[in-house]
file input05.cif (mmCIF, C-alpha atoms)
data_upload
#
loop_
_atom_site.label_atom_id
_atom_site.label_comp_id
_atom_site.auth_asym_id
_atom_site.auth_seq_id
_atom_site.Cartn_x
_atom_site.Cartn_y
_atom_site.Cartn_z
CA MET I 1 0.00 0.00 0.00
CA VAL I 2 1.42 3.35 -1.02
CA GLU I 3 0.49 6.22 1.27
CA SER I 4 0.03 9.66 -0.23
CA THR I 5 2.42 12.52 0.37
CA ASN I 6 -0.61 14.56 1.54
CA SER I 7 -0.34 13.13 5.06
CA ALA I 8 3.44 13.72 5.09
CA LYS I 9 4.83 16.65 7.05
CA TRP I 10 8.19 18.44 7.08
CA TYR I 11 10.45 17.78 10.07
CA VAL I 12 13.67 19.48 11.09
CA VAL I 13 16.44 16.98 11.79
CA HIS I 14 19.56 17.94 13.72
CA VAL I 15 22.80 16.59 12.23
CA GLN I 16 26.47 16.96 13.05
CA SER I 17 27.58 20.38 11.83
CA GLY I 18 29.53 20.12 8.60
CA TYR I 19 27.99 16.70 7.79
CA GLU I 20 24.68 17.96 6.37
CA LEU I 21 25.32 16.72 2.81
CA LYS I 22 26.78 13.38 4.01
CA ALA I 23 23.77 12.84 6.30
CA LYS I 24 21.40 13.64 3.39
CA THR I 25 23.17 11.13 1.11
CA ALA I 26 23.28 8.45 3.85
CA LEU I 27 19.57 8.94 4.62
CA GLU I 28 18.60 8.76 0.93
CA GLN I 29 20.56 5.49 0.61
CA ARG I 30 18.85 4.07 3.73
CA ILE I 31 15.41 5.05 2.39
CA LYS I 32 16.11 3.09 -0.83
CA SER I 33 17.76 0.06 0.76
CA LEU I 34 15.04 -0.28 3.43
CA GLY I 35 12.18 0.36 0.99
CA MET I 36 10.88 3.42 2.82
CA GLU I 37 10.05 5.51 -0.28
CA ASN I 38 6.35 5.34 0.71
CA LYS I 39 7.05 6.99 4.10
CA ILE I 40 10.03 9.31 3.57
CA PHE I 41 9.65 11.43 0.46
CA LYS I 42 12.21 14.19 0.39
CA VAL I 43 15.44 15.25 2.14
CA VAL I 44 16.61 18.85 1.79
CA VAL I 45 19.77 20.65 2.93
CA PRO I 46 18.73 24.32 2.75
CA MET I 47 21.48 26.02 0.73
CA ARG I 48 21.72 29.18 -1.32
CA ASP I 49 24.20 30.85 -3.59
CA ALA I 50 26.49 33.40 -1.99
CA VAL I 51 29.40 35.44 -3.24
CA VAL I 52 32.47 35.51 -1.03
CA VAL I 53 34.83 38.42 -1.38
CA LYS I 54 38.31 37.43 -0.28
CA GLN I 55 41.51 39.31 -1.06
CA GLY I 56 39.64 41.41 -3.62
CA LYS I 57 38.36 38.41 -5.60
CA LYS I 58 34.74 37.26 -5.97
CA ARG I 59 33.98 33.58 -5.60
CA SER I 60 30.56 31.92 -5.81
CA ILE I 61 29.83 29.36 -3.12
CA LYS I 62 26.87 27.32 -1.87
CA GLU I 63 26.16 28.39 1.69
CA LYS I 64 24.16 26.34 4.18
CA VAL I 65 21.28 28.47 5.41
CA TYR I 66 20.81 26.42 8.59
CA PRO I 67 24.12 24.73 9.44
CA GLY I 68 23.58 21.57 11.49
CA TYR I 69 20.06 20.91 10.16
CA ILE I 70 18.35 19.09 7.30
CA LEU I 71 14.65 19.02 6.43
CA VAL I 72 12.80 15.75 5.84
CA LYS I 73 9.31 15.34 4.38
CA MET I 74 7.89 12.16 5.82
CA ILE I 75 4.98 10.33 7.36
CA LEU I 76 6.10 9.92 10.96
CA ASP I 77 5.69 6.51 12.54
CA ASP I 78 7.98 4.23 14.55
CA GLN I 79 9.53 2.72 11.41
CA SER I 80 10.26 5.99 9.59
CA TRP I 81 11.48 7.59 12.83
CA LEU I 82 13.99 4.74 13.30
CA VAL I 83 15.25 5.01 9.69
CA VAL I 84 15.98 8.74 10.08
CA ARG I 85 17.22 8.54 13.67
CA GLY I 86 19.54 5.62 12.86
CA THR I 87 21.24 7.41 9.96
CA GLU I 88 24.91 8.22 10.39
CA GLY I 89 25.42 11.88 11.27
CA VAL I 90 21.85 12.38 12.55
CA THR I 91 21.71 13.44 16.20
CA GLY I 92 17.93 13.79 16.52
CA PHE I 93 14.70 15.49 15.56
CA VAL I 94 13.80 19.00 16.61
CA GLY I 95 10.82 18.96 18.94
CA ALA I 96 9.69 18.80 22.53
CA GLY I 97 11.27 15.90 24.36
CA SER I 98 11.26 12.80 22.16
CA ASN I 99 8.32 14.06 20.08
CA PRO I 100 9.41 15.48 16.71
CA THR I 101 7.46 18.64 15.92
CA PRO I 102 6.54 19.20 12.26
CA ILE I 103 6.97 22.64 10.76
CA SER I 104 4.00 24.26 9.08
CA ASP I 105 3.59 24.41 5.31
CA LYS I 106 3.80 28.21 5.61
CA GLU I 107 7.20 27.96 7.36
CA MET I 108 8.43 25.50 4.72
CA GLU I 109 7.27 27.80 1.90
CA ALA I 110 9.19 30.67 3.51
CA ILE I 111 12.33 28.52 3.81
CA LEU I 112 12.10 27.34 0.19
CA LYS I 113 11.49 30.91 -1.01
CA HIS I 114 14.50 32.11 1.01
CA ILE I 115 16.87 29.50 -0.46
CA GLN I 116 15.64 30.04 -4.01
CA GLU I 117 16.26 33.79 -4.18
CA ASP I 118 17.74 34.67 -7.55
CA LYS I 119 20.41 37.11 -6.48
CA PRO I 120 23.37 35.59 -4.64
CA LYS I 121 24.32 37.36 -1.43
CA TYR I 122 27.76 38.81 -0.87
CA LYS I 123 29.55 37.37 2.12
CA ALA I 124 31.79 40.11 3.39
CA LYS I 125 35.09 39.11 4.94
CA ILE I 126 35.13 42.46 6.70
CA THR I 127 33.02 43.53 9.64
CA VAL I 128 31.56 46.76 10.95
CA GLY I 129 34.17 48.74 12.88
CA GLU I 130 37.18 47.32 11.00
CA ALA I 131 39.88 49.51 9.52
CA VAL I 132 40.08 49.25 5.73
CA LYS I 133 41.94 50.72 2.78
CA ILE I 134 39.98 51.73 -0.34
CA LYS I 135 41.40 50.34 -3.60
CA GLU I 136 39.50 52.42 -6.18
CA GLU I 137 39.30 55.99 -7.40
CA PRO I 138 38.30 58.59 -6.35
CA PHE I 139 39.24 57.46 -2.82
CA MET I 140 42.22 55.26 -3.76
CA ASP I 141 44.50 54.56 -0.75
CA PHE I 142 42.17 56.34 1.69
CA LEU I 143 41.94 54.64 5.07
CA GLY I 144 38.64 54.38 6.85
CA THR I 145 36.41 52.49 9.23
CA VAL I 146 33.55 50.29 8.07
CA GLN I 147 30.31 51.80 9.34
CA GLN I 148 27.76 49.59 7.60
CA ILE I 149 27.70 46.56 5.24
CA ASP I 150 25.00 45.80 2.67
CA GLU I 151 25.66 42.20 1.59
CA ASP I 152 22.69 42.23 -0.83
CA LYS I 153 24.24 45.02 -2.87
CA GLY I 154 27.85 44.05 -2.20
CA LYS I 155 28.63 47.50 -0.80
CA ALA I 156 29.87 49.01 2.43
CA LYS I 157 29.64 52.46 3.98
CA VAL I 158 33.11 53.54 5.06
CA LEU I 159 33.93 56.57 7.19
CA VAL I 160 36.95 58.33 5.68
CA SER I 161 38.61 61.51 6.77
CA ILE I 162 38.16 64.15 4.07
CA PHE I 163 39.40 67.68 4.85
CA GLY I 164 39.70 66.71 8.51
CA ARG I 165 36.10 65.56 8.69
CA GLU I 166 34.64 62.02 8.94
CA THR I 167 32.60 61.44 5.78
CA PRO I 168 30.62 58.30 4.89
CA VAL I 169 31.49 56.90 1.45
CA GLU I 170 29.77 53.95 -0.26
CA VAL I 171 32.31 51.50 -1.68
CA ASP I 172 32.04 48.14 -3.47
CA LEU I 173 33.15 45.30 -1.14
CA LEU I 174 35.63 44.18 -3.81
CA LYS I 175 37.39 47.52 -3.51
CA LEU I 176 38.14 47.24 0.20
CA GLU I 177 41.18 45.72 1.83
CA LYS I 178 41.50 44.91 5.53
CA ILE I 179 44.26 46.63 7.42
CA ASN I 180 45.93 44.27 9.86
#

call {"tool": "encode", "arguments": {"input": "input05.cif", "output": "structure tokens"}}
result
Amino acid sequence: MVESTNSAKWYVVHVQSGYELKAKTALEQRIKSLGMENKIFKVVVPMRDAVVVKQGKKRSIKEKVYPGYILVKMILDDQSWLVVRGTEGVTGFVGAGSNPTPISDKEMEAILKHIQEDKPKYKAKITVGEAVKIKEEPFMDFLGTVQQIDEDKGKAKVLVSIFGRETPVEVDLLKLEKIN
């Protein structure tokens, strides 16, 4: 008897940090080998594209949105619980006590929307309050302090001293260099 995915719910599963993809693969293999495709339907590691700026170079990466967690769509019963719980790298379900708590469809929609955003985020390797050197005209070689970072736009507001006065200047993250 094949049960429908309509009665399946999404559960948050805690895994060892850094082993999210390995746990996903191991769980998918267990589902196949134990014939649980009619109870456990989907395993997701929430990831999104990000752009890391390091030493003035852009690099695209896949970033885990919730490190240490995977999402599993399943019909929860003793059998399916044991398959997930017994998977290498899985440390447990998120929920009260030993009762896994499903997340709502609305929450899952929000998570899926968040990880499917078109524009990759910039991951700045600088932080607010750090001293930086600007590497582009018209402020080439100016030193300043990062006041604000906008990772969506890939820009930072830097306070630089112009004519003896602190002035905020918007600069591309690629054009900033940390001062050690």

call {"tool": "resolve_selection", "arguments": {"input": "input05.cif", "expression": "the PyMOL selection byres ((chain I and resi 27) around 12)", "output": "MDAnalysis selection string"}}
result
chainID I and resid 13 15 19:26 28:37 40:45 70:72 80:90

call {"tool": "closest_residue", "arguments": {"input": "input05.cif", "among": "I:Val146, I:Val169, I:Ala110, I:Leu176", "to": "I:Lys133", "atoms": "only C-alpha atoms"}}
result
I:Leu176

call {"tool": "resolve_selection", "arguments": {"input": "input05.cif", "expression": "the PyMOL selection byres ((chain I and resi 99) around 12)", "output": "PyMOL selection string"}}
result
chain I and resi 11-13+76-78+81+92-98+100-102

call {"tool": "resolve_selection", "arguments": {"input": "input05.cif", "expression": "the PyMOL selection byres ((chain I and resi 147) around 12)", "output": "count of residues only"}}
result
25

call {"tool": "closest_residue", "arguments": {"input": "input05.cif", "among": "I:Asp172, I:Gln16, I:Ala8, I:Gln116", "to": "I:Lys62", "atoms": "only C-alpha atoms"}}
result
I:Gln116

call {"tool": "atom_distance", "arguments": {"input": "input05.cif", "atom1": "atom CA of I:Pro67", "atom2": "atom CA of I:Leu173"}}
result
24.8 Å

call {"tool": "closest_residue", "arguments": {"input": "input05.cif", "among": "I:Asn180, I:Ser104, I:Ser161, I:Gln79", "to": "I:Phe139", "atoms": "all atoms listed in the file"}}
result
I:Ser161

call {"tool": "atom_distance", "arguments": {"input": "input05.cif", "atom1": "atom CA of I:Val65", "atom2": "atom CA of I:Ile115"}}
result
7.4 Å

call {"tool": "atom_distance", "arguments": {"input": "input05.cif", "atom1": "atom CA of I:Leu174", "atom2": "atom CA of I:Lys58"}}
result
7.3 Å

call {"tool": "closest_residue", "arguments": {"input": "input05.cif", "among": "I:Asn38, I:Ser60, I:Glu136, I:Gly154", "to": "I:Asn6", "atoms": "all atoms listed in the file"}}
result
I:Asn38

call {"tool": "closest_residue", "arguments": {"input": "input05.cif", "among": "I:Lys106, I:Arg165, I:Lys153, I:Lys135", "to": "I:Glu177", "atoms": "only C-alpha atoms"}}
result
I:Lys135

call {"tool": "residues_around", "arguments": {"input": "input05.cif", "residues": "I:Lys64", "least_positions_apart": "4", "cutoff": "7 Å", "atoms": "all atoms listed in the file", "output": "ChimeraX atom specification"}}
result
/I:46-48
